[in-house]
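Notes to accompany the following structure.
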Amino acid sequence: MRRIGIIGCGTAGIQLAYSLKNDFDVTVHHYEQPQDILNGRIRSTQVHFHPTLERERRFNMPAEDSAPPIRSIHFHLGQQKLFTGNLTGIAASVDQRLGFAESIHDLASQGVKFVHGRLKQEDLLELTHSYNLIIDTTGKAGPLAPFPVETGLTPYQAPQRKCIVGYFTGVQPVKPEGISITVLPGNGEMFEIPAITDSGLATILFIEAVPEGILDVFKGIKNSSEFMARMAKVIEEHFHPIFERIDMDRFALIAENAFLQTAITPVIHRPYAILGGTLILGCGDSVFLSDPITGQGCNTASYAAEQLYETLITHKESTWDEAVGIDYWNRTKHYITAVTEWTNAMTEPLPEHIAKLLMQAASDQMTADGIAAWFEDPTKAHKAFHEHSINQPFLR
Ligand SMILES: Cc1cc2nc3c(=O)[nH]c(=O)nc-3n(C[C@H](O)[C@H](O)[C@H](O)COP(=O)(O)OP(=O)(O)OC[C@H]3O[C@@H](n4cnc5c(N)ncnc54)[C@H](O)[C@@H]3O)c2cc1C
């Protein structure tokens with residue numbers, strides 16, 4: 001059996017291990033033990049839309065049945081509710097700490113080998129002697145491999161948003177249950193997401209703050225009580241519809257580690273390279289890193305991981321060389337281009353025809369549902385941003 005080494009055990013690495021383990025000899029290199037992941041800080045808001053959940057079912061990955069079903073997207077402009085768009089399938093947010101820890105145990109019980117240790121770039125050459133293929137899924141800390149940057153898809157030199165996330169109790173969910181998005185033009189966005197965690201249900205409040213704008217007020221906050229107090233103040237001042245659903249006596253972070261602040265500079269790499277004669281492929285954030293504003297990182301990682309699986313199955317009997325890398329990139333490039341350009345556009349002021357479309361959705365359910373479907377299939381969003389005008393039929 002051909003040997004594959006996967007570096008990293010997050011969204012991409014885990015799906016790849018599940019999909020490849022029956023056809024290849026798979027070893028996962030990782031440095032976080034399941035208990036450390038569970039006890040560690042929250043990592044994401046991790047909405048998996050239904051195409052991703054379908055891929056997880058395809059590869060017999062563990063499902064979290066108690067995750068609150070996300071059926072809709074509620075859209076607000078400032079304090080004004082514009083519309084509720086229905087998703088075509090149910091989405092879910094399962095705390096990555098829970099999902100990753102469970103999957104590592106499950107994969108190990110199914111014979112996938114795990115090697116513990118944080119790899120460095122200089123370890124990679126030696127590793128090529130042990131495998132027929134290495135897959136770099138080191139997330140936003142990566143890549144370790146020398147993948148060239150795709151400059152045409154990498155326009156920014158700095159983060160476009162500050163990402164501020166907390167997992168809370170005491171927020172009454174929106175009805176019908178779903179994601180609530182509030183845009184404060186010029187200042188950023190608030191996403192409210194129902195999720196399941198190790199300690200039960202939580203409401204994720206996720207601010208995407210334009211640097212130096214009115215939401216960029218969490219600098220220097222170090223502990224959970226300061227974070228909670230600042231979040232309560234920001235919601236009271238800027239997000240009245242959410243504030244009305246908060247029971248302040250119960251409003252609290254679910255745990256000390258249940259908050260996160262980060263900022264991401266989007267960068268796209270060509271996802272293949274040859275090192276020491278061995279093919280290295282990249283998957284997930286290590287090669288396709290975008291701002292989380294459109295909630296696509298996990299979904300893109302899952303999409304690319306499936307394409308990578310299909311590529312390797314197609315070339316199961318042939319030599320694994322650069323041509324295999326080119327085939328993988330050819331299969332994924334259209335989707336990666338769409339999700340990247342749409343996501344980058346969402347960090348800019350909205351184009352006029354999109355602003356009009358949002359207003360149209362307030363009185364037209366088909367348009368509202370079409371906008372919700374962008375999140376399930378970013379190629380539709382990309383098409384709407386780049387090809388449609390308000391006078392053209394809006395296709396779902
Ligand atoms: C605030 C925020 C909110 C988000 N919300 C969403 C959302 O709602 N929906 C969505 O789809 N996406 C979302 N994302 C993005 C999503 O979390 C990531 O895109 C996704 O987790 C990427 O998966 P990955 O496997 O590439 O990386 P990760 O899941 O980060 O996994 C990387 C793995 O590599 C390991 N690793 C790293 N370096 C090394 C090394 N040197 N040696 C060994 N192992 C290593 C890490 O330990 C980890 O196991 C969000 C991101 C952020 C920051």
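Chains: A, B, ... in order of the structure tokens. Residues: from 1 per chain. Ligands: from 1, in order shown.
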
### Message
What residues of the protein or nucleic acid chains come within 7 Å of ligand 1 when you use only C-alpha atoms and all ligand atoms? Reply as a PyMOL selection string.
### Response
chain A and resi 7-13+29-32+43-48+117-120+137-142+144+163-165+262+283-286+289+292+295-301

Grab the residues selected above and save them as a CSV table (one decimal), in the first residue's frame with N, CA and C atoms.
```
chain,number,residue,atom,x,y,z
A,7,ILE,N,0.2,16.1,7.5
A,7,ILE,CA,0.7,16.9,8.6
A,7,ILE,C,-0.5,17.8,9.0
A,8,GLY,N,-0.9,17.7,10.3
A,8,GLY,CA,-2.0,18.5,10.8
A,8,GLY,C,-3.3,17.6,11.0
A,9,CYS,N,-4.0,18.0,12.0
A,9,CYS,CA,-5.2,17.1,12.3
A,9,CYS,C,-6.4,18.0,12.6
A,10,GLY,N,-6.7,19.0,11.7
A,10,GLY,CA,-7.8,19.8,11.8
A,10,GLY,C,-8.9,19.4,10.8
A,11,THR,N,-9.7,20.4,10.3
A,11,THR,CA,-10.8,20.1,9.4
A,11,THR,C,-10.3,19.3,8.2
A,12,ALA,N,-9.3,19.8,7.5
A,12,ALA,CA,-8.8,19.1,6.3
A,12,ALA,C,-8.1,17.8,6.6
A,13,GLY,N,-7.2,17.8,7.6
A,13,GLY,CA,-6.4,16.6,7.9
A,13,GLY,C,-7.4,15.4,8.3
A,29,HIS,N,0.6,13.4,11.3
A,29,HIS,CA,1.6,14.0,12.2
A,29,HIS,C,0.8,15.2,12.9
A,30,HIS,N,0.8,15.2,14.2
A,30,HIS,CA,0.1,16.3,14.9
A,30,HIS,C,0.8,16.6,16.2
A,31,TYR,N,0.5,17.8,16.8
A,31,TYR,CA,1.2,18.1,18.0
A,31,TYR,C,0.2,18.4,19.2
A,32,GLU,N,-1.1,18.3,18.9
A,32,GLU,CA,-2.1,18.6,20.0
A,32,GLU,C,-2.8,17.3,20.3
A,43,ARG,N,-11.6,27.7,18.7
A,43,ARG,CA,-10.7,27.9,17.5
A,43,ARG,C,-11.4,28.6,16.3
A,44,SER,N,-12.7,28.6,16.3
A,44,SER,CA,-13.4,28.9,15.1
A,44,SER,C,-14.9,29.2,15.4
A,45,THR,N,-15.7,29.4,14.4
A,45,THR,CA,-17.2,29.4,14.6
A,45,THR,C,-17.8,28.2,13.8
A,46,GLN,N,-16.9,27.7,12.9
A,46,GLN,CA,-17.1,26.4,12.2
A,46,GLN,C,-18.5,26.0,11.8
A,47,VAL,N,-19.2,26.9,11.0
A,47,VAL,CA,-20.4,26.4,10.4
A,47,VAL,C,-20.1,25.5,9.3
A,48,HIS,N,-20.6,24.3,9.3
A,48,HIS,CA,-20.5,23.4,8.2
A,48,HIS,C,-21.8,23.4,7.5
A,117,GLY,N,4.1,15.4,17.5
A,117,GLY,CA,5.3,16.3,17.5
A,117,GLY,C,5.1,17.4,16.5
A,118,ARG,N,5.5,18.6,16.8
A,118,ARG,CA,5.3,19.8,16.0
A,118,ARG,C,6.5,19.8,14.9
A,119,LEU,N,6.1,19.6,13.7
A,119,LEU,CA,7.1,19.6,12.6
A,119,LEU,C,7.6,21.0,12.2
A,120,LYS,N,8.8,21.1,11.8
A,120,LYS,CA,9.3,22.4,11.3
A,120,LYS,C,9.6,22.2,9.8
A,137,THR,N,-1.5,20.0,5.8
A,137,THR,CA,-2.8,20.6,6.3
A,137,THR,C,-2.6,21.3,7.6
A,138,THR,N,-1.5,22.1,7.6
A,138,THR,CA,-1.1,22.8,8.9
A,138,THR,C,-1.9,24.0,9.2
A,139,GLY,N,-3.0,24.3,8.5
A,139,GLY,CA,-3.8,25.4,8.8
A,139,GLY,C,-3.2,26.7,8.6
A,140,LYS,N,-3.7,27.8,9.3
A,140,LYS,CA,-3.2,29.1,9.1
A,140,LYS,C,-1.8,29.3,9.6
A,141,ALA,N,-1.3,28.4,10.4
A,141,ALA,CA,0.1,28.4,10.9
A,141,ALA,C,1.1,28.0,9.7
A,142,GLY,N,0.5,27.4,8.7
A,142,GLY,CA,1.4,26.8,7.6
A,142,GLY,C,1.5,27.8,6.5
A,144,LEU,N,4.1,24.4,5.7
A,144,LEU,CA,5.5,24.0,5.9
A,144,LEU,C,6.2,23.9,4.5
A,163,CYS,N,-11.0,39.6,14.1
A,163,CYS,CA,-12.0,38.6,14.4
A,163,CYS,C,-12.1,38.4,15.9
A,164,ILE,N,-13.3,38.7,16.4
A,164,ILE,CA,-13.6,38.7,17.9
A,164,ILE,C,-14.7,37.7,18.2
A,165,VAL,N,-14.4,36.6,18.9
A,165,VAL,CA,-15.4,35.6,19.0
A,165,VAL,C,-15.6,35.2,20.5
A,262,THR,N,-8.4,37.2,16.8
A,262,THR,CA,-7.4,36.9,15.8
A,262,THR,C,-7.6,37.9,14.6
A,283,CYS,N,-3.7,21.4,1.6
A,283,CYS,CA,-5.2,21.4,1.6
A,283,CYS,C,-5.6,22.2,2.8
A,284,GLY,N,-6.7,22.9,2.7
A,284,GLY,CA,-7.2,23.7,3.8
A,284,GLY,C,-6.5,25.0,3.9
A,285,ASP,N,-6.6,25.6,5.1
A,285,ASP,CA,-6.0,27.0,5.3
A,285,ASP,C,-4.6,27.1,4.9
A,286,SER,N,-3.8,26.0,5.0
A,286,SER,CA,-2.4,26.1,4.7
A,286,SER,C,-2.1,26.7,3.3
A,289,LEU,N,-6.3,30.3,2.4
A,289,LEU,CA,-6.6,31.0,3.6
A,289,LEU,C,-7.3,32.3,3.3
A,292,PRO,N,-12.6,34.9,7.6
A,292,PRO,CA,-13.8,34.1,8.0
A,292,PRO,C,-15.1,34.8,7.7
A,295,GLY,N,-17.7,32.6,6.3
A,295,GLY,CA,-17.9,31.3,7.0
A,295,GLY,C,-17.5,30.1,6.0
A,296,GLN,N,-16.5,30.3,5.2
A,296,GLN,CA,-16.2,29.3,4.2
A,296,GLN,C,-15.0,28.4,4.5
A,297,GLY,N,-14.1,28.7,5.4
A,297,GLY,CA,-12.8,28.0,5.6
A,297,GLY,C,-13.0,26.5,5.7
A,298,CYS,N,-13.8,26.1,6.6
A,298,CYS,CA,-14.0,24.6,6.8
A,298,CYS,C,-14.6,24.0,5.6
A,299,ASN,N,-15.6,24.8,5.0
A,299,ASN,CA,-16.3,24.2,3.8
A,299,ASN,C,-15.4,24.1,2.6
A,300,THR,N,-14.5,25.1,2.5
A,300,THR,CA,-13.5,25.0,1.4
A,300,THR,C,-12.5,23.9,1.7
A,301,ALA,N,-12.1,23.8,3.0
A,301,ALA,CA,-11.1,22.7,3.3
A,301,ALA,C,-11.8,21.3,3.0
```

Give me, as a tab-separated table, the closest atom pair and its distance (Å, one decimal) for every residue of range 32-54 of chain A within a cut-off of 7 Å of range 372-385 of chain A, counting only C-alpha atoms, rows sorted by chain and rising number.
```
residue	atom	partner	partner_atom	distance
A:Phe49	CA	A:Glu376	CA	5.6
A:His50	CA	A:Glu376	CA	6.8
A:Pro51	CA	A:Glu376	CA	6.8
```

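For the pair CA of Thr311 in chain A and CA of Leu275 in chain A, the interatomic distance is 19.4 Å.
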
### Query
Residues at most 10 Å from Met1 in chain A, counting only C-alpha atoms, excluding those fewer than 3 positions away in the same chain, as a ChimeraX atom specification?
/A:4,22-26,132

### Query
Near Asn86 in chain A, counting only C-alpha atoms, which residues have an atom at most 7 Å away, once you skip same-chain residues fewer than 3 positions from it, shown as a ChimeraX atom specification?
/A:71-73,369,372

### Message
So that I can check the secondary structure, give me every residue of range 13-77 of chain A assigned strand (DSSP E) by backbone DSSP, as a VMD selection string.
### Response
chain A and resid 25 to 30 47 to 48 70 to 77

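Shortest separation to Gln160 in chain A among A:Glu192, A:Glu348, A:Arg250, A:Leu357 occurs at residue A:Glu348, atoms counted being only C-alpha atoms.
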
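Note that CA of Pro146 in chain A and CA of Ile274 in chain A are 8.6 Å apart.
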
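When only C-alpha atoms are used to compute distances to Ile326 in chain A, the closest of the residues A:Ile181, A:Leu308, A:Ile6, A:Val28 turns out to be A:Leu308.
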
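With only C-alpha atoms as the atoms that count, the minimum distance from Ile354 in chain A to the choices A:Ile371, A:Leu77, A:Ile242, A:Ala108 is reached by A:Ile371.
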
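In terms of minimum interatomic distance to Asp95 in chain A, A:Ile196 ranks closest within A:Leu124, A:Ile196, A:Thr169, A:Ser66, counting only C-alpha atoms.
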
### Query
Could you write out, as JSON, numbers by chain, all the residues of range 82-127 of chain A that DSSP marks as alpha helix (DSSP H)?
{"A": [96, 97, 98, 99, 100, 101, 102, 103, 104, 105, 106, 107, 108, 109, 124, 125, 126, 127]}

Would you mind exporting the chosen residues as a short mmCIF file (atom, residue, chain, number, x, y, z; two decimals), in the first residue's frame, restricted to all heavy atoms?
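part-v4.cif was written with the following content:
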```
data_model
loop_
_atom_site.label_atom_id
_atom_site.label_comp_id
_atom_site.auth_asym_id
_atom_site.auth_seq_id
_atom_site.Cartn_x
_atom_site.Cartn_y
_atom_site.Cartn_z
N GLN A 96 -15.10 22.88 17.30
CA GLN A 96 -14.01 22.07 16.72
C GLN A 96 -13.27 21.27 17.78
O GLN A 96 -12.77 20.19 17.52
CB GLN A 96 -13.02 22.98 15.98
CG GLN A 96 -13.53 23.46 14.63
CD GLN A 96 -12.48 24.22 13.84
OE1 GLN A 96 -11.50 24.72 14.40
NE2 GLN A 96 -12.69 24.34 12.55
N ARG A 97 -13.21 21.81 19.00
CA ARG A 97 -12.48 21.08 20.04
C ARG A 97 -13.10 19.71 20.28
O ARG A 97 -12.42 18.71 20.43
CB ARG A 97 -12.47 21.90 21.34
CG ARG A 97 -11.75 23.24 21.19
CD ARG A 97 -11.89 24.09 22.42
NE ARG A 97 -13.28 24.40 22.73
CZ ARG A 97 -13.68 25.07 23.81
NH1 ARG A 97 -12.77 25.46 24.70
NH2 ARG A 97 -14.95 25.34 24.02
N LEU A 98 -14.43 19.70 20.26
CA LEU A 98 -15.17 18.45 20.46
C LEU A 98 -14.99 17.52 19.25
O LEU A 98 -14.65 16.34 19.39
CB LEU A 98 -16.65 18.84 20.62
CG LEU A 98 -17.68 17.82 20.99
CD1 LEU A 98 -17.33 17.20 22.32
CD2 LEU A 98 -19.06 18.50 21.07
N GLY A 99 -15.22 18.09 18.06
CA GLY A 99 -15.14 17.29 16.83
C GLY A 99 -13.74 16.73 16.59
O GLY A 99 -13.59 15.55 16.25
N PHE A 100 -12.71 17.55 16.78
CA PHE A 100 -11.34 17.10 16.50
C PHE A 100 -10.94 16.00 17.49
O PHE A 100 -10.38 14.98 17.10
CB PHE A 100 -10.34 18.26 16.60
CG PHE A 100 -10.46 19.30 15.51
CD1 PHE A 100 -9.61 20.41 15.50
CD2 PHE A 100 -11.40 19.19 14.49
CE1 PHE A 100 -9.70 21.38 14.50
CE2 PHE A 100 -11.50 20.16 13.50
CZ PHE A 100 -10.65 21.26 13.50
N ALA A 101 -11.21 16.23 18.78
CA ALA A 101 -10.78 15.26 19.80
C ALA A 101 -11.45 13.91 19.55
O ALA A 101 -10.79 12.85 19.59
CB ALA A 101 -11.13 15.80 21.19
N GLU A 102 -12.74 13.95 19.25
CA GLU A 102 -13.47 12.69 19.02
C GLU A 102 -12.94 11.97 17.77
O GLU A 102 -12.74 10.75 17.77
CB GLU A 102 -14.96 13.04 18.84
CG GLU A 102 -15.86 11.83 18.80
CD GLU A 102 -17.32 12.22 18.53
OE1 GLU A 102 -17.69 13.38 18.77
OE2 GLU A 102 -18.06 11.35 18.05
N SER A 103 -12.66 12.74 16.72
CA SER A 103 -12.19 12.12 15.47
C SER A 103 -10.81 11.50 15.63
O SER A 103 -10.53 10.46 15.03
CB SER A 103 -12.14 13.17 14.35
OG SER A 103 -13.45 13.60 14.06
N ILE A 104 -9.94 12.13 16.41
CA ILE A 104 -8.60 11.56 16.60
C ILE A 104 -8.71 10.18 17.27
O ILE A 104 -8.10 9.20 16.82
CB ILE A 104 -7.70 12.52 17.42
CG1 ILE A 104 -7.40 13.78 16.58
CG2 ILE A 104 -6.41 11.84 17.84
CD1 ILE A 104 -6.70 14.90 17.34
N HIS A 105 -9.53 10.08 18.31
CA HIS A 105 -9.74 8.79 18.98
C HIS A 105 -10.32 7.78 17.99
O HIS A 105 -9.87 6.63 17.92
CB HIS A 105 -10.71 8.95 20.16
CG HIS A 105 -10.09 9.60 21.35
ND1 HIS A 105 -8.93 9.12 21.94
CD2 HIS A 105 -10.46 10.68 22.08
CE1 HIS A 105 -8.62 9.89 22.97
NE2 HIS A 105 -9.52 10.85 23.08
N ASP A 106 -11.32 8.23 17.22
CA ASP A 106 -12.02 7.32 16.30
C ASP A 106 -11.08 6.82 15.20
O ASP A 106 -11.05 5.62 14.89
CB ASP A 106 -13.23 8.07 15.72
CG ASP A 106 -14.11 7.17 14.89
OD1 ASP A 106 -14.42 6.05 15.36
OD2 ASP A 106 -14.49 7.55 13.76
N LEU A 107 -10.30 7.75 14.61
CA LEU A 107 -9.38 7.35 13.55
C LEU A 107 -8.32 6.38 14.08
O LEU A 107 -7.99 5.38 13.42
CB LEU A 107 -8.69 8.60 12.96
CG LEU A 107 -9.55 9.44 12.01
CD1 LEU A 107 -8.92 10.81 11.78
CD2 LEU A 107 -9.75 8.73 10.67
N ALA A 108 -7.81 6.66 15.27
CA ALA A 108 -6.80 5.77 15.85
C ALA A 108 -7.38 4.38 16.06
O ALA A 108 -6.72 3.36 15.81
CB ALA A 108 -6.29 6.36 17.17
N SER A 109 -8.65 4.32 16.49
CA SER A 109 -9.27 3.01 16.73
C SER A 109 -9.49 2.26 15.41
O SER A 109 -9.67 1.05 15.40
CB SER A 109 -10.61 3.18 17.46
OG SER A 109 -11.59 3.65 16.56
N LEU A 124 10.86 18.59 6.80
CA LEU A 124 10.04 18.09 5.69
C LEU A 124 10.85 17.18 4.74
O LEU A 124 10.36 16.14 4.31
CB LEU A 124 9.48 19.30 4.92
CG LEU A 124 8.11 19.13 4.29
CD1 LEU A 124 7.09 18.63 5.28
CD2 LEU A 124 7.66 20.46 3.70
N LEU A 125 12.10 17.59 4.45
CA LEU A 125 12.90 16.82 3.49
C LEU A 125 13.10 15.40 4.00
O LEU A 125 12.94 14.42 3.26
CB LEU A 125 14.24 17.52 3.25
CG LEU A 125 15.10 16.95 2.13
CD1 LEU A 125 14.34 16.98 0.80
CD2 LEU A 125 16.40 17.73 1.98
N GLU A 126 13.42 15.27 5.29
CA GLU A 126 13.63 13.93 5.85
C GLU A 126 12.34 13.11 5.79
O GLU A 126 12.35 11.91 5.51
CB GLU A 126 14.11 14.05 7.29
CG GLU A 126 14.74 12.74 7.75
CD GLU A 126 15.17 12.80 9.20
OE1 GLU A 126 15.62 13.87 9.64
OE2 GLU A 126 15.01 11.76 9.87
N LEU A 127 11.22 13.81 6.01
CA LEU A 127 9.92 13.12 6.00
C LEU A 127 9.61 12.53 4.61
O LEU A 127 8.91 11.51 4.51
CB LEU A 127 8.83 14.12 6.39
CG LEU A 127 7.64 13.59 7.18
CD1 LEU A 127 8.07 13.07 8.52
CD2 LEU A 127 6.60 14.70 7.35
#
```

### Which of A:Phe259, A:Asp198, A:Thr337, A:Glu212 sits closest to Arg230 in chain A [using only C-alpha atoms]
A:Phe259

## Note on the structure
Among A:Ala304, A:Ile193, A:Met228, A:Val149, His74 in chain A is approached most closely, using only C-alpha atoms, by A:Ile193
